[in-house]
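Take a look at the structure set out below.
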Amino acid sequence: MLNTLITSKTRLKLITKFFLNPQIKTYLRGLEETFGESSNGIRVELNRFEHAGLLVSENEGNRKFYSANTSHVLYSAVHNIILQHLGINYIIEELTGKPKQIDQIWLSGEYAKGNENPTIDLLLIGTNIDKEYVEGIQFKDTNLANRKIRLSIFDPISFVDMKTTINPNDIYLLYQST
């Protein structure tokens, strides 16, 4: 659906890359390798986003690194549009509906790195999560998102232990109960 509004594939890839996970920080050549596209087209789009204030950049050595400008007035709106485009918002609604056993939902895998992938990996954190309930809604969510949804369930203690072994940029907190 979003690809009918944003006809540039490069632009859509960049929006997904930077606005799904605000921790993403990357440079032109890294994007060229990831997207498999020419650096000229990517550079033009990066310059447009930076000029509009949606991206910020900083030089580190001879590389210019880009990241989302999370203080931009449109950041939250674009972030939410990307969540809706991928179907992640619907998945979160289903998982956090009934029963209230999920304390946190983390995005992991390729999407946490801002890369397109046919699979969305989510880490569910909570005590006594009803696995049958989660597995029962997984099939429905897969149809809803038009992607494979892979859910991993952790209790809070084992997640804290596992989290210390993961690069902080490879996971992103999507939901936390209040």
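As shown in the structure tokens, the chain order sets the letters A, B, ...; within each chain, residues go from 1, and ligands are also counted from 1 in the order they appear.
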
Please provide the set of residues having any atom within 12 Å of A:Leu74, restricted to only C-alpha atoms, with same-chain residues fewer than 4 positions apart removed, written as a ChimeraX atom specification.
/A:19,49,52-55,68-70,78-81

Export of prior selection with C-alpha atoms as a CSV table (one decimal), in the first residue's frame:
chain,number,residue,atom,x,y,z
A,19,PHE,CA,12.1,5.2,10.8
A,49,PHE,CA,15.8,13.7,3.8
A,52,ALA,CA,14.0,18.3,5.1
A,53,GLY,CA,15.4,17.7,8.6
A,54,LEU,CA,14.1,14.1,8.7
A,55,LEU,CA,17.7,12.8,8.9
A,68,ALA,CA,16.7,9.5,11.9
A,69,ASN,CA,16.0,12.9,13.5
A,70,THR,CA,13.8,11.7,16.3
A,78,VAL,CA,6.4,8.4,9.9
A,79,HIS,CA,7.4,5.8,12.5
A,80,ASN,CA,3.8,4.8,13.0
A,81,ILE,CA,3.1,4.7,9.2

Please report, as number ranges by chain, each residue of stretch 17-137 of chain A to which DSSP assigns helix (DSSP H, G or I) when run on this structure's backbone.
A: 17-20, 28-35, 39-52, 75-86, 88-95, 109-112, 131-137

Proximity check stretch 4-100 of chain A to stretch 154-175 of chain A, 8 Å, nearest pairs one decimal Å, only C-alpha atoms, as CSV:
residue,atom,partner,partner_atom,distance
A:Asn21,CA,A:Tyr172,CA,6.4
A:Gln23,CA,A:Asn169,CA,6.1
A:Ile24,CA,A:Asn169,CA,6.8
A:Ile92,CA,A:Tyr175,CA,7.5

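By chain and then residue number, the residues within 12 Å of A:Arg63 are A:Lys25, A:Thr26, A:Tyr27, A:Leu28, A:Arg29, A:Gly30, A:Ser57, A:Glu58, A:Asn59, counting only C-alpha atoms and disregarding those fewer than 4 positions away in sequence.
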
Print the selection's residues with N, CA and C atoms to a file, as a PDB file, in the first residue's frame.
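This is the output file part-v4.pdb:
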ATOM      1  N   LYS A  25      22.084   3.725  12.459  1.00  0.00           N
ATOM      2  CA  LYS A  25      23.051   4.743  12.054  1.00  0.00           C
ATOM      3  C   LYS A  25      23.933   4.086  10.999  1.00  0.00           C
ATOM      4  N   THR A  26      23.948   4.645   9.796  1.00  0.00           N
ATOM      5  CA  THR A  26      24.697   4.002   8.724  1.00  0.00           C
ATOM      6  C   THR A  26      25.227   5.037   7.747  1.00  0.00           C
ATOM      7  N   TYR A  27      26.084   4.602   6.850  1.00  0.00           N
ATOM      8  CA  TYR A  27      26.720   5.497   5.881  1.00  0.00           C
ATOM      9  C   TYR A  27      26.361   5.055   4.466  1.00  0.00           C
ATOM     10  N   LEU A  28      26.685   5.889   3.504  1.00  0.00           N
ATOM     11  CA  LEU A  28      26.275   5.683   2.112  1.00  0.00           C
ATOM     12  C   LEU A  28      26.690   4.324   1.566  1.00  0.00           C
ATOM     13  N   ARG A  29      27.948   3.961   1.686  1.00  0.00           N
ATOM     14  CA  ARG A  29      28.419   2.691   1.111  1.00  0.00           C
ATOM     15  C   ARG A  29      27.742   1.491   1.774  1.00  0.00           C
ATOM     16  N   GLY A  30      27.459   1.603   3.072  1.00  0.00           N
ATOM     17  CA  GLY A  30      26.739   0.534   3.756  1.00  0.00           C
ATOM     18  C   GLY A  30      25.341   0.366   3.192  1.00  0.00           C
ATOM     19  N   SER A  57      23.083  13.990  10.170  1.00  0.00           N
ATOM     20  CA  SER A  57      24.319  13.305   9.813  1.00  0.00           C
ATOM     21  C   SER A  57      25.452  13.805  10.693  1.00  0.00           C
ATOM     22  N   GLU A  58      26.470  12.972  10.769  1.00  0.00           N
ATOM     23  CA  GLU A  58      27.694  13.349  11.476  1.00  0.00           C
ATOM     24  C   GLU A  58      28.851  12.638  10.800  1.00  0.00           C
ATOM     25  N   ASN A  59      29.965  13.302  10.767  1.00  0.00           N
ATOM     26  CA  ASN A  59      31.157  12.727  10.155  1.00  0.00           C
ATOM     27  C   ASN A  59      31.961  11.982  11.205  1.00  0.00           C
TER      28      ASN A  59
END

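With atom CA of A:Gly41 on one side and atom CA of A:Lys13 on the other, the separation reads 11.9 Å.
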
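Our summary of the geometry notes that atom CA of A:Gly114 is positioned 6.4 Å from atom CA of A:Leu20.
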
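Shortest separation to A:Tyr111 among A:Phe18, A:Ser76, A:Val44, A:Asn128 occurs at residue A:Phe18, atoms counted being only C-alpha atoms.
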
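Restricting the calculation to only C-alpha atoms, the smallest distance between A:Lys148 and any of A:Glu60, A:Asp103, A:Ile129, A:Leu86 is found for A:Leu86.
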
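When atom CA of A:Lys113 is paired with atom CA of A:Ile15, their separation reads 12.5 Å.
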
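Within the 9 Å cut-off around A:Gly109, using only C-alpha atoms and omitting residues fewer than 3 positions from it on the same chain, the listed residues are Ala112, Lys113, Asn115, Asn117, Thr119, Ile120, Asp121, Leu122, Asp170 and Ile171 of chain A.
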
Restricting the calculation to only C-alpha atoms, which member of A:Ile82, A:Leu151, A:Ala77, A:Leu12 is positioned closest to A:Ile105?
A:Leu151

To test your reading of the structure, identify every residue in stretch 54-140 of chain A that backbone DSSP assigns to strand (DSSP E), and report it as a count of residues only.
24

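Every protein or nucleic acid residue with an atom no more than 12 Å from A:Glu135, counting only C-alpha atoms and leaving out same-chain residues fewer than 6 positions away, appears here: Glu94, Leu95, Ile129, Asp141, Thr142, Ile149, Arg150, Leu151, Ser152 and Ile153 of chain A.
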
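Among A:His85, A:Asn62, A:Glu132, A:Thr10, the residue with the shortest atom-to-atom distance to A:Ser39, counting only C-alpha atoms, is A:Thr10.
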
Check the smallest atom-to-atom distance from each of A:Ile6, A:Gly87, A:Gln104, A:Pro22 to A:Gln176 using only C-alpha atoms, then report the winner.
A:Gln104
